[in-house]
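Next comes start36.pdb, with PDB, C-alpha atoms (C1' of nucleotides).
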ATOM      1  CA  MET C1165      -9.841 -20.502  18.599
ATOM      2  CA  THR C1166     -12.368 -20.843  15.784
ATOM      3  CA  GLU C1167     -14.967 -21.214  18.519
ATOM      4  CA  GLU C1168     -13.695 -18.083  20.155
ATOM      5  CA  MET C1169     -13.896 -16.127  16.925
ATOM      6  CA  LEU C1170     -17.372 -17.350  16.141
ATOM      7  CA  ASN C1171     -18.504 -16.480  19.641
ATOM      8  CA  ALA C1172     -17.062 -13.022  19.259
ATOM      9  CA  LEU C1173     -18.876 -12.549  15.961
ATOM     10  CA  ASP C1174     -22.069 -13.711  17.609
ATOM     11  CA  ARG C1175     -21.534 -11.271  20.450
ATOM     12  CA  ALA C1176     -20.927  -8.500  17.932
ATOM     13  CA  GLY C1177     -24.417  -9.195  16.623
ATOM     14  CA  VAL C1178     -23.451 -10.284  13.133
ATOM     15  CA  ARG C1179     -24.488 -13.440  11.315
ATOM     16  CA  LEU C1180     -22.559 -16.658  11.424
ATOM     17  CA  THR C1181     -22.442 -17.312   7.725
ATOM     18  CA  GLY C1182     -20.747 -20.060   5.740
ATOM     19  CA  PRO C1183     -17.887 -17.914   4.451
ATOM     20  CA  ARG C1184     -17.191 -16.602   7.936
ATOM     21  CA  ARG C1185     -17.014 -20.106   9.364
ATOM     22  CA  GLN C1186     -14.731 -21.247   6.575
ATOM     23  CA  LEU C1187     -12.423 -18.270   6.924
ATOM     24  CA  THR C1188     -12.097 -18.551  10.690
ATOM     25  CA  ALA C1189     -11.176 -22.209  10.191
ATOM     26  CA  LEU C1190      -8.492 -21.187   7.698
ATOM     27  CA  ILE C1191      -7.150 -18.579  10.114
ATOM     28  CA  GLU C1192      -6.948 -21.201  12.813
ATOM     29  CA  ARG C1193      -4.889 -23.483  10.588
ATOM     30  CA  ARG C1194      -2.327 -20.754  10.004
ATOM     31  CA  GLN C1195       0.529 -20.387  12.432
ATOM     32  CA  GLY C1196       1.644 -16.895  13.306
ATOM     33  CA  HIS C1197       0.944 -14.011  11.021
ATOM     34  CA  PHE C1198      -0.641 -14.067   7.608
ATOM     35  CA  THR C1199      -1.548 -11.533   4.998
ATOM     36  CA  ALA C1200      -4.956 -10.993   3.474
ATOM     37  CA  ALA C1201      -3.522 -12.419   0.256
ATOM     38  CA  ASP C1202      -2.492 -15.613   2.070
ATOM     39  CA  LEU C1203      -5.979 -16.102   3.325
ATOM     40  CA  LEU C1204      -7.448 -15.417  -0.060
ATOM     41  CA  LYS C1205      -5.078 -17.952  -1.607
ATOM     42  CA  ASP C1206      -6.034 -20.540   1.003
ATOM     43  CA  ALA C1207      -9.671 -19.953   0.223
ATOM     44  CA  GLY C1208      -8.965 -20.292  -3.486
ATOM     45  CA  ARG C1209      -7.110 -23.573  -2.965
ATOM     46  CA  GLY C1210     -10.093 -24.951  -1.125
ATOM     47  CA  HIS C1211     -12.295 -23.823  -4.029
ATOM     48  CA  LEU C1212     -14.410 -21.945  -1.554
ATOM     49  CA  GLY C1213     -15.165 -19.110  -3.964
ATOM     50  CA  ILE C1214     -14.777 -16.434  -1.344
ATOM     51  CA  GLY C1215     -14.347 -12.871  -2.553
ATOM     52  CA  ARG C1216     -11.686 -10.345  -1.571
ATOM     53  CA  ALA C1217     -14.239  -8.075   0.021
ATOM     54  CA  THR C1218     -15.467 -10.839   2.306
ATOM     55  CA  VAL C1219     -11.957 -11.541   3.542
ATOM     56  CA  PHE C1220     -11.283  -7.895   4.330
ATOM     57  CA  ARG C1221     -14.698  -7.485   5.917
ATOM     58  CA  LEU C1222     -14.061 -10.431   8.230
ATOM     59  CA  LEU C1223     -10.596  -9.183   9.138
ATOM     60  CA  ASP C1224     -12.149  -5.822   9.985
ATOM     61  CA  LEU C1225     -14.746  -7.446  12.166
ATOM     62  CA  LEU C1226     -12.216  -9.601  13.961
ATOM     63  CA  SER C1227      -9.901  -6.700  14.538
ATOM     64  CA  GLU C1228     -12.760  -4.635  15.945
ATOM     65  CA  GLN C1229     -13.303  -7.475  18.397
ATOM     66  CA  GLY C1230      -9.573  -7.562  19.157
ATOM     67  CA  LEU C1231      -9.156 -11.138  17.959
ATOM     68  CA  VAL C1232      -6.879 -10.200  15.135
ATOM     69  CA  GLU C1233      -4.376  -7.404  14.988
ATOM     70  CA  ARG C1234      -2.867  -5.765  11.993
ATOM     71  CA  ILE C1235       0.844  -5.154  12.064
ATOM     72  CA  ASP C1236       3.257  -3.534   9.694
ATOM     73  CA  LEU C1237       6.130  -5.858   8.853
ATOM     74  CA  PRO C1238       9.627  -4.370   8.542
ATOM     75  CA  ASP C1239       9.443  -4.865   4.776
ATOM     76  CA  GLY C1240       6.356  -2.689   4.572
ATOM     77  CA  ARG C1241       3.731  -5.373   4.068
ATOM     78  CA  HIS C1242       0.702  -5.621   6.287
ATOM     79  CA  ALA C1243       0.068  -8.811   8.164
ATOM     80  CA  TYR C1244      -2.624  -9.977  10.542
ATOM     81  CA  ILE C1245      -2.049 -11.878  13.759
ATOM     82  CA  PRO C1246      -4.722 -13.843  15.623
ATOM     83  CA  CYS C1247      -4.567 -12.936  19.288
ATOM     84  CA  GLU C1248      -6.364 -12.549  22.579
ATOM     85  CA  PRO C1249      -8.489  -9.422  22.999
ATOM     86  CA  THR C1250      -6.411  -8.023  25.848
ATOM     87  CA  HIS C1251      -3.848  -5.291  25.623
ATOM     88  CA  HIS C1252      -0.511  -6.729  24.638
ATOM     89  CA  HIS C1253       2.252  -6.511  22.072
ATOM     90  CA  HIS C1254       3.566  -8.826  19.433
ATOM     91  CA  LEU C1255       6.826 -10.567  18.928
ATOM     92  CA  VAL C1256       7.300 -11.641  15.340
ATOM     93  CA  CYS C1257       9.923 -14.096  14.133
ATOM     94  CA  LEU C1258      11.577 -12.699  11.027
ATOM     95  CA  ASP C1259      12.619 -16.180   9.895
ATOM     96  CA  CYS C1260       9.520 -18.319  10.197
ATOM     97  CA  GLY C1261       6.801 -15.770  10.872
ATOM     98  CA  ALA C1262       5.787 -17.277  14.207
ATOM     99  CA  THR C1263       4.343 -14.802  16.665
ATOM    100  CA  THR C1264       3.781 -14.637  20.379
ATOM    101  CA  ASP C1265       2.148 -12.092  22.552
ATOM    102  CA  VAL C1266       3.915 -10.323  25.357
ATOM    103  CA  GLU C1267       1.870  -8.794  28.059
ATOM    104  CA  ASP C1268       2.402  -5.286  29.090
ATOM    105  CA  CYS C1269       5.645  -5.245  30.970
ATOM    106  CA  GLY C1270       6.638  -1.704  31.712
ATOM    107  CA  ILE C1271       5.636   0.127  28.572
ATOM    108  CA  GLU C1272       3.221   2.298  30.518
ATOM    109  CA  ALA C1273       6.122   3.896  32.325
ATOM    110  CA  VAL C1274       7.808   4.605  28.999
ATOM    111  CA  THR C1275       4.738   6.269  27.495
ATOM    112  CA  ALA C1276       4.163   8.262  30.681
ATOM    113  CA  GLU C1277       7.722   9.526  30.550
ATOM    114  CA  ALA C1278       7.382  10.407  26.853
ATOM    115  CA  ALA C1279       4.147  12.264  27.596
ATOM    116  CA  ARG C1280       5.778  14.200  30.397
ATOM    117  CA  ARG C1281       8.724  15.245  28.251
ATOM    118  CA  SER C1282       6.746  16.202  25.184
ATOM    119  CA  GLY C1283       3.531  17.599  26.599
ATOM    120  CA  PHE C1284       1.556  15.236  24.382
ATOM    121  CA  GLN C1285      -1.516  13.505  25.688
ATOM    122  CA  ILE C1286      -0.932   9.935  24.591
ATOM    123  CA  GLN C1287      -4.015   8.087  23.409
ATOM    124  CA  GLN C1288      -2.622   4.935  21.921
ATOM    125  CA  HIS C1289       0.654   3.261  21.267
ATOM    126  CA  ARG C1290       1.943   0.456  19.182
ATOM    127  CA  LEU C1291       4.932  -1.659  20.009
ATOM    128  CA  GLU C1292       6.138  -4.361  17.677
ATOM    129  CA  LEU C1293       9.152  -6.501  18.354
ATOM    130  CA  PHE C1294      10.953  -8.396  15.611
ATOM    131  CA  GLY C1295      13.565 -11.071  16.001
ATOM    132  CA  ARG C1296      14.115 -14.814  15.955
ATOM    133  CA  CYS C1297      12.040 -17.333  17.808
ATOM    134  CA  PRO C1298      13.622 -20.040  19.983
ATOM    135  CA  ASP C1299      13.030 -22.718  17.313
ATOM    136  CA  CYS C1300      14.764 -20.761  14.567
ATOM    137  CA  ARG C1301      17.616 -19.898  16.907
ATOM    138  CA  SER C1302      18.303 -23.526  17.764
ATOM    139  CA  ALA C1303      17.703 -24.786  14.221
ATOM    140  CA  ASN C1304      20.724 -22.875  13.081
TER     141      ASN C1304
ATOM    142  CA  MET F 394      17.461  20.266   7.456
ATOM    143  CA  THR F 395      17.598  20.435   3.681
ATOM    144  CA  GLU F 396      21.336  20.906   4.089
ATOM    145  CA  GLU F 397      21.472  17.886   6.305
ATOM    146  CA  MET F 398      19.613  15.748   3.801
ATOM    147  CA  LEU F 399      21.765  16.888   0.906
ATOM    148  CA  ASN F 400      24.887  16.177   2.917
ATOM    149  CA  ALA F 401      23.600  12.728   3.704
ATOM    150  CA  LEU F 402      22.905  12.070   0.036
ATOM    151  CA  ASP F 403      26.390  13.255  -0.799
ATOM    152  CA  ARG F 404      27.850  10.967   1.838
ATOM    153  CA  ALA F 405      25.822   8.098   0.415
ATOM    154  CA  GLY F 406      27.633   8.675  -2.850
ATOM    155  CA  VAL F 407      24.651   9.580  -4.976
ATOM    156  CA  ARG F 408      24.198  12.612  -7.194
ATOM    157  CA  LEU F 409      22.718  15.881  -6.004
ATOM    158  CA  THR F 410      20.232  16.361  -8.785
ATOM    159  CA  GLY F 411      17.610  19.018  -9.340
ATOM    160  CA  PRO F 412      14.634  16.844  -8.399
ATOM    161  CA  ARG F 413      16.367  15.734  -5.222
ATOM    162  CA  ARG F 414      17.072  19.308  -4.175
ATOM    163  CA  GLN F 415      13.503  20.336  -4.918
ATOM    164  CA  LEU F 416      12.028  17.405  -3.030
ATOM    165  CA  THR F 417      14.173  17.893   0.054
ATOM    166  CA  ALA F 418      13.074  21.545   0.082
ATOM    167  CA  LEU F 419       9.449  20.421  -0.066
ATOM    168  CA  ILE F 420      10.022  17.969   2.767
ATOM    169  CA  GLU F 421      11.532  20.736   4.845
ATOM    170  CA  ARG F 422       8.487  22.928   4.344
ATOM    171  CA  ARG F 423       6.185  20.209   5.663
ATOM    172  CA  GLN F 424       5.575  20.041   9.369
ATOM    173  CA  GLY F 425       5.386  16.623  10.890
ATOM    174  CA  HIS F 426       4.493  13.604   8.851
ATOM    175  CA  PHE F 427       3.538  13.446   5.226
ATOM    176  CA  THR F 428       2.621  10.742   2.779
ATOM    177  CA  ALA F 429       4.279  10.057  -0.549
ATOM    178  CA  ALA F 430       1.083  11.331  -2.171
ATOM    179  CA  ASP F 431       1.365  14.638  -0.264
ATOM    180  CA  LEU F 432       4.852  15.159  -1.566
ATOM    181  CA  LEU F 433       3.815  14.280  -5.081
ATOM    182  CA  LYS F 434       0.956  16.736  -4.853
ATOM    183  CA  ASP F 435       3.288  19.479  -3.584
ATOM    184  CA  ALA F 436       5.600  18.804  -6.493
ATOM    185  CA  GLY F 437       2.675  18.948  -8.892
ATOM    186  CA  ARG F 438       1.498  22.269  -7.462
ATOM    187  CA  GLY F 439       4.932  23.716  -8.050
ATOM    188  CA  HIS F 440       4.794  22.396 -11.626
ATOM    189  CA  LEU F 441       8.049  20.618 -10.987
ATOM    190  CA  GLY F 442       7.142  17.671 -13.173
ATOM    191  CA  ILE F 443       8.564  15.121 -10.772
ATOM    192  CA  GLY F 444       7.549  11.497 -11.247
ATOM    193  CA  ARG F 445       6.201   9.045  -8.685
ATOM    194  CA  ALA F 446       9.263   6.833  -8.992
ATOM    195  CA  THR F 447      11.592   9.702  -8.156
ATOM    196  CA  VAL F 448       9.661  10.501  -5.003
ATOM    197  CA  PHE F 449       9.743   6.909  -3.802
ATOM    198  CA  ARG F 450      13.391   6.552  -4.740
ATOM    199  CA  LEU F 451      14.302   9.622  -2.688
ATOM    200  CA  LEU F 452      12.262   8.461   0.289
ATOM    201  CA  ASP F 453      14.075   5.127   0.115
ATOM    202  CA  LEU F 454      17.431   6.833   0.046
ATOM    203  CA  LEU F 455      16.577   9.117   2.933
ATOM    204  CA  SER F 456      15.238   6.280   5.005
ATOM    205  CA  GLU F 457      18.390   4.249   4.364
ATOM    206  CA  GLN F 458      20.302   7.214   5.752
ATOM    207  CA  GLY F 459      17.929   7.390   8.716
ATOM    208  CA  LEU F 460      16.747  10.910   7.876
ATOM    209  CA  VAL F 461      13.213   9.869   7.220
ATOM    210  CA  GLU F 462      11.244   7.132   8.870
ATOM    211  CA  ARG F 463       8.201   5.358   7.635
ATOM    212  CA  ILE F 464       5.401   4.839  10.102
ATOM    213  CA  ASP F 465       2.073   3.134   9.934
ATOM    214  CA  LEU F 466      -0.726   5.470  10.988
ATOM    215  CA  PRO F 467      -3.590   4.043  13.056
ATOM    216  CA  ASP F 468      -5.863   4.317  10.025
ATOM    217  CA  GLY F 469      -3.585   2.050   8.023
ATOM    218  CA  ARG F 470      -1.939   4.652   5.812
ATOM    219  CA  HIS F 471       1.795   4.965   5.585
ATOM    220  CA  ALA F 472       3.446   8.245   6.400
ATOM    221  CA  TYR F 473       7.009   9.484   6.436
ATOM    222  CA  ILE F 474       8.600  11.570   9.174
ATOM    223  CA  PRO F 475      11.783  13.578   8.789
ATOM    224  CA  CYS F 476      14.034  12.863  11.752
ATOM    225  CA  GLU F 477      17.516  12.624  13.156
ATOM    226  CA  PRO F 478      19.453   9.472  12.316
ATOM    227  CA  THR F 479      19.671   8.308  15.912
ATOM    228  CA  HIS F 480      17.580   5.651  17.533
ATOM    229  CA  HIS F 481      14.372   7.144  18.819
ATOM    230  CA  HIS F 482      10.637   6.860  18.606
ATOM    231  CA  HIS F 483       7.888   9.015  17.289
ATOM    232  CA  LEU F 484       5.016  10.814  18.858
ATOM    233  CA  VAL F 485       2.345  11.677  16.335
ATOM    234  CA  CYS F 486      -0.517  14.115  16.908
ATOM    235  CA  LEU F 487      -3.719  12.565  15.623
ATOM    236  CA  ASP F 488      -5.309  16.009  15.198
ATOM    237  CA  CYS F 489      -2.762  18.100  13.348
ATOM    238  CA  GLY F 490      -0.177  15.544  12.302
ATOM    239  CA  ALA F 491       2.692  17.202  14.158
ATOM    240  CA  THR F 492       5.407  14.840  15.297
ATOM    241  CA  THR F 493       8.194  14.890  17.802
ATOM    242  CA  ASP F 494      10.883  12.424  18.594
ATOM    243  CA  VAL F 495      11.320  10.882  21.986
ATOM    244  CA  GLU F 496      14.635   9.467  22.871
ATOM    245  CA  ASP F 497      14.933   6.055  24.197
ATOM    246  CA  CYS F 498      13.591   6.211  27.679
ATOM    247  CA  GLY F 499      13.349   2.763  29.131
ATOM    248  CA  ILE F 500      12.176   0.706  26.202
ATOM    249  CA  GLU F 501      15.344  -1.376  26.297
ATOM    250  CA  ALA F 502      14.270  -2.796  29.635
ATOM    251  CA  VAL F 503      10.891  -3.695  28.158
ATOM    252  CA  THR F 504      12.365  -5.507  25.168
ATOM    253  CA  ALA F 505      14.881  -7.311  27.386
ATOM    254  CA  GLU F 506      12.065  -8.498  29.611
ATOM    255  CA  ALA F 507      10.029  -9.626  26.593
ATOM    256  CA  ALA F 508      13.046 -11.499  25.249
ATOM    257  CA  ARG F 509      13.574 -13.219  28.572
ATOM    258  CA  ARG F 510       9.970 -14.330  28.819
ATOM    259  CA  SER F 511       9.600 -15.507  25.250
ATOM    260  CA  GLY F 512      13.015 -16.892  24.425
ATOM    261  CA  PHE F 513      13.094 -14.711  21.314
ATOM    262  CA  GLN F 514      16.252 -12.956  20.265
ATOM    263  CA  ILE F 515      15.020  -9.463  19.566
ATOM    264  CA  GLN F 516      16.626  -7.751  16.597
ATOM    265  CA  GLN F 517      14.516  -4.677  16.131
ATOM    266  CA  HIS F 518      11.532  -2.970  17.591
ATOM    267  CA  ARG F 519       9.161  -0.275  16.621
ATOM    268  CA  LEU F 520       7.337   1.952  19.042
ATOM    269  CA  GLU F 521       4.893   4.535  17.834
ATOM    270  CA  LEU F 522       2.926   6.781  20.141
ATOM    271  CA  PHE F 523      -0.238   8.530  19.043
ATOM    272  CA  GLY F 524      -2.084  11.282  20.830
ATOM    273  CA  ARG F 525      -2.629  15.038  20.907
ATOM    274  CA  CYS F 526       0.103  17.622  20.879
ATOM    275  CA  PRO F 527       0.199  20.507  23.385
ATOM    276  CA  ASP F 528      -1.093  22.985  20.776
ATOM    277  CA  CYS F 529      -4.130  20.918  19.871
ATOM    278  CA  ARG F 530      -4.843  20.274  23.528
ATOM    279  CA  SER F 531      -4.908  23.943  24.397
ATOM    280  CA  ALA F 532      -6.697  24.969  21.200
ATOM    281  CA  ASN F 533      -9.736  23.083  22.342
TER     282      ASN F 533
ATOM    283  C1'  DG I1158      34.188  25.733 -20.559
ATOM    284  C1'  DC I1159      33.401  21.110 -22.668
ATOM    285  C1'  DA I1160      32.943  16.128 -23.598
ATOM    286  C1'  DT I1161      32.070  11.826 -21.652
ATOM    287  C1'  DC I1162      29.959   8.435 -19.132
ATOM    288  C1'  DT I1163      27.256   6.641 -15.686
ATOM    289  C1'  DG I1164      23.691   7.276 -12.594
ATOM    290  C1'  DA I1165      19.084   9.623 -12.287
ATOM    291  C1'  DT I1166      14.877  10.827 -14.376
ATOM    292  C1'  DG I1167       9.775  10.769 -16.036
ATOM    293  C1'  DA I1168       6.269   8.210 -18.139
ATOM    294  C1'  DG I1169       3.536   4.856 -17.733
ATOM    295  C1'  DA I1170       2.669  -0.152 -17.294
ATOM    296  C1'  DC I1171       2.279  -3.237 -13.630
ATOM    297  C1'  DT I1172       1.469  -5.364  -8.918
ATOM    298  C1'  DA I1173      -0.402  -5.422  -4.357
ATOM    299  C1'  DT I1174      -3.552  -3.987  -1.024
ATOM    300  C1'  DG I1175      -7.713  -2.389   0.207
ATOM    301  C1'  DT I1176     -12.596  -0.148  -0.604
ATOM    302  C1'  DC I1177     -17.067   0.441  -2.735
ATOM    303  C1'  DT I1178     -21.275  -0.688  -5.205
ATOM    304  C1'  DC I1179     -24.874  -3.463  -6.456
ATOM    305  C1'  DA I1180     -27.602  -7.294  -7.713
ATOM    306  C1'  DT I1181     -28.197 -11.760  -5.638
ATOM    307  C1'  DG I1182     -28.045 -15.104  -1.896
ATOM    308  C1'  DT I1183     -28.822 -16.784   2.815
ATOM    309  C1'  DG I1184     -29.122 -16.691   8.156
ATOM    310  C1'  DT I1185     -32.322 -15.634  11.669
ATOM    311  C1'  DG I1186     -36.480 -14.628  14.090
ATOM    312  C1'  DC I1187     -40.922 -15.395  13.753
TER     313       DC I1187
ATOM    314  C1'  DG A 486     -41.479 -22.398   6.070
ATOM    315  C1'  DC A 487     -41.305 -17.231   5.184
ATOM    316  C1'  DA A 488     -39.779 -12.677   4.936
ATOM    317  C1'  DC A 489     -36.461  -9.480   5.336
ATOM    318  C1'  DA A 490     -32.304  -7.508   6.476
ATOM    319  C1'  DC A 491     -27.737  -8.518   6.428
ATOM    320  C1'  DA A 492     -23.901 -10.770   3.962
ATOM    321  C1'  DT A 493     -22.041 -12.149  -0.234
ATOM    322  C1'  DG A 494     -19.175 -12.317  -4.802
ATOM    323  C1'  DA A 495     -17.866  -9.907  -8.761
ATOM    324  C1'  DG A 496     -15.600  -6.563 -10.411
ATOM    325  C1'  DA A 497     -14.738  -1.563 -10.825
ATOM    326  C1'  DC A 498     -12.136   1.648  -8.418
ATOM    327  C1'  DA A 499      -8.554   3.811  -5.322
ATOM    328  C1'  DT A 500      -4.150   4.012  -3.369
ATOM    329  C1'  DA A 501       0.713   2.660  -2.539
ATOM    330  C1'  DG A 502       4.602   1.212  -4.390
ATOM    331  C1'  DT A 503       7.792  -1.122  -8.104
ATOM    332  C1'  DC A 504       9.819  -1.809 -12.574
ATOM    333  C1'  DT A 505      11.426  -0.871 -17.225
ATOM    334  C1'  DC A 506      13.345   1.813 -20.586
ATOM    335  C1'  DA A 507      14.609   5.550 -23.463
ATOM    336  C1'  DT A 508      16.275  10.059 -22.424
ATOM    337  C1'  DC A 509      18.587  13.469 -19.542
ATOM    338  C1'  DA A 510      22.009  15.687 -16.738
ATOM    339  C1'  DG A 511      25.645  15.697 -12.686
ATOM    340  C1'  DA A 512      30.410  14.766 -11.857
ATOM    341  C1'  DT A 513      34.784  14.195 -13.352
ATOM    342  C1'  DG A 514      38.776  14.898 -16.120
ATOM    343  C1'  DC A 515      40.655  17.634 -19.362
TER     344       DC A 515
END

Same coordinates, now as structure tokens:
Amino acid sequence: MTEEMLNALDRAGVRLTGPRRQLTALIERRQGHFTAADLLKDAGRGHLGIGRATVFRLLDLLSEQGLVERIDLPDGRHAYIPCEPTHHHHLVCLDCGATTDVEDCGIEAVTAEAARRSGFQIQQHRLELFGRCPDCRSAN
Amino acid sequence: MTEEMLNALDRAGVRLTGPRRQLTALIERRQGHFTAADLLKDAGRGHLGIGRATVFRLLDLLSEQGLVERIDLPDGRHAYIPCEPTHHHHLVCLDCGATTDVEDCGIEAVTAEAARRSGFQIQQHRLELFGRCPDCRSAN
DNA sequence: GCATCTGATGAGACTATGTCTCATGTGTGC
DNA sequence: GCACACATGAGACATAGTCTCATCAGATGC
């Protein structure tokens, strides 16, 4: 995962700097989604002295490469999810924050139908699913 | 529309105050989505002397009643869309900002399939579609 | 119409999230 | 090893939203 991110950065033609290596390692250690503030706090705990701007710049880079996606949580906060750079959607556990990807399973038909009805030309869509993961369901 | 919002506020058991009437009228005059800042600016232009807090409080109330929905634009900003209080999704024009609602047209099957594959219990979902509206398509 | 009382208001401080600038630091290619 | 362009951290700035608190004004009962 860290490897994958570093490779992607390399492919994007940017430098593999210390802060970038450290941050990708921190992202790897996180399970599920995290906020920029989480990452910044992690970096602070490790006394890495990494600035806010660097964190946001890396998240931008990774999201350009499709390795991280920004989602809008139901409570309005923004979170980032590490993921594969293929088209897919996210399932987010509202209890523990775990996430999984779901591949495209029929959404194209839905957007096509919406386009037909509305006359819109649809360029992008965003589907986010929120619920409880199997672990949280059985833990309770 | 303004009527509808005022009725909803009445039903919610809150007071129909001057600022609330003025703001719902401003919302009605807007086409498609708007940000809290837009509304605040409109209020300022009309020299209505309405505070930030009041705007956010009204948007909260309206969204509790399902008459306004908050969406996350592709560029990361938050916008609000006036809408009917039934379950539906939004189509947003990236050129002019116009929005339309699309009723549920098959998304249930998609979420059910995602739930089956992942083991998640899905509690809510959010689908936002972005593209170009018929007017912008023909204008160009 | 008027008084009362409680909920709503505006101002502005505060927090969170993200962006920008700029002087300094450091990978990378040579 | 060197040079240079790219990346960095610090911190100012911008934007979005929340909170507090003294004051104001709907709604209700008379």

Looking at all atoms listed in the file, which of C:Arg1221, C:Asp1174, C:Ala1200, C:Gly1261 is the one that sits closest to chain A?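 Answer, going by the shortest atom-to-atom distance: C:Arg1221.
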
Ranking C:Asp1224, C:Asp1236, C:Glu1248, C:Glu1167 by minimum distance to Leu520 in chain F and counting all atoms listed in the file, which one comes first?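 Of C:Asp1224, C:Asp1236, C:Glu1248, C:Glu1167, the one nearest Leu520 in chain F, counting all atoms listed in the file, is C:Asp1236.
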
Could you give me, as a PyMOL selection string, the residues that sit within 12 Å of (21.8, 14.3, -2.1) in the file's coordinates, counting only C-alpha atoms (C1' of nucleotides)? (chain F and resi 395-418+450-452+454-455+458+460) or (chain I and resi 1165) or (chain A and resi 511)

Give the answer as one residue: which of F:Leu484, F:Ala532, F:Ala446, F:Ile474 has the shortest atom-to-atom distance to chain I, using only C-alpha atoms (C1' of nucleotides)? F:Ala446

Work out how far CA of Leu1237 in chain C is from C1' of DG1175 in chain I, in Å to one decimal.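 If I compute the distance from C1' of DG1175 in chain I to CA of Leu1237 in chain C, I get 16.7 Å.
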
Based on only C-alpha atoms (C1' of nucleotides), which of the residues in chain I come within 10 Å of chain C? I want them as a PyMOL selection string. chain I and resi 1173-1177+1183-1185

Using all atoms listed in the file and a distance of at most 6 Å, pull out the residues of chain F that contact chain C, as a PDB file with C-alpha atoms, keeping the file's coordinate frame.
ATOM      1  CA  GLY F 499      13.349   2.763  29.131  1.00  0.00           C
ATOM      2  CA  VAL F 503      10.891  -3.695  28.158  1.00  0.00           C
ATOM      3  CA  GLY F 512      13.015 -16.892  24.425  1.00  0.00           C
ATOM      4  CA  PHE F 513      13.094 -14.711  21.314  1.00  0.00           C
ATOM      5  CA  GLN F 514      16.252 -12.956  20.265  1.00  0.00           C
ATOM      6  CA  ILE F 515      15.020  -9.463  19.566  1.00  0.00           C
ATOM      7  CA  GLN F 516      16.626  -7.751  16.597  1.00  0.00           C
ATOM      8  CA  GLN F 517      14.516  -4.677  16.131  1.00  0.00           C
ATOM      9  CA  HIS F 518      11.532  -2.970  17.591  1.00  0.00           C
ATOM     10  CA  ARG F 519       9.161  -0.275  16.621  1.00  0.00           C
ATOM     11  CA  LEU F 520       7.337   1.952  19.042  1.00  0.00           C
ATOM     12  CA  GLU F 521       4.893   4.535  17.834  1.00  0.00           C
ATOM     13  CA  LEU F 522       2.926   6.781  20.141  1.00  0.00           C
ATOM     14  CA  PHE F 523      -0.238   8.530  19.043  1.00  0.00           C
ATOM     15  CA  GLY F 524      -2.084  11.282  20.830  1.00  0.00           C
ATOM     16  CA  ARG F 525      -2.629  15.038  20.907  1.00  0.00           C
ATOM     17  CA  CYS F 526       0.103  17.622  20.879  1.00  0.00           C
ATOM     18  CA  PRO F 527       0.199  20.507  23.385  1.00  0.00           C
TER      19      PRO F 527
END

Selection result for the PyMOL selection byres ((chain A) within 12 of (chain C)) on this file, as a PyMOL selection string: chain A and resi 490-496+501-502

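Picture a line from CA of Val1219 in chain C to CA of Leu1203 in chain C; it runs 7.5 Å.
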
What box, with edges along x, y and z, holds each listed atom of range 1237-1242 of chain C when 8 Å is added on every side, and can you state its centre and edge lengths in Å to one decimal, as AutoDock Vina command-line options?
--center_x 5.2 --center_y -4.3 --center_z 6.5 --size_x 24.9 --size_y 19.2 --size_z 20.8

Which residue, I:DC1187, I:DG1158, I:DT1181, I:DT1163, has the smallest gap to DG486 in chain A when you use only C-alpha atoms (C1' of nucleotides)? I:DC1187

All residues 12 Å or closer to DG514 in chain A, all atoms listed in the file, same chain fewer than 2 positions away omitted, as an mmCIF file with C-alpha atoms (C1' of nucleotides), in the coordinates of the input:
data_model
loop_
_atom_site.group_PDB
_atom_site.id
_atom_site.type_symbol
_atom_site.label_atom_id
_atom_site.label_comp_id
_atom_site.auth_asym_id
_atom_site.auth_seq_id
_atom_site.Cartn_x
_atom_site.Cartn_y
_atom_site.Cartn_z
ATOM 1 C "C1'" DC I 1159 33.401 21.110 -22.668
ATOM 2 C "C1'" DA I 1160 32.943 16.128 -23.598
ATOM 3 C "C1'" DT I 1161 32.070 11.826 -21.652
ATOM 4 C "C1'" DC I 1162 29.959 8.435 -19.132
ATOM 5 C "C1'" DA A 512 30.410 14.766 -11.857
#

Give me, please, the distance in Å between C1' of DT505 in chain A and C1' of DG1169 in chain I, quoted to one decimal.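 Taking C1' of DT505 in chain A and C1' of DG1169 in chain I, their separation equals 9.8 Å.
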
Measuring between only C-alpha atoms, which one of F:Arg509, F:Lys434, F:His440, F:His426 shows the shortest distance to Val461 in chain F?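 Of F:Arg509, F:Lys434, F:His440, F:His426, the one nearest Val461 in chain F is F:His426, counting only C-alpha atoms.
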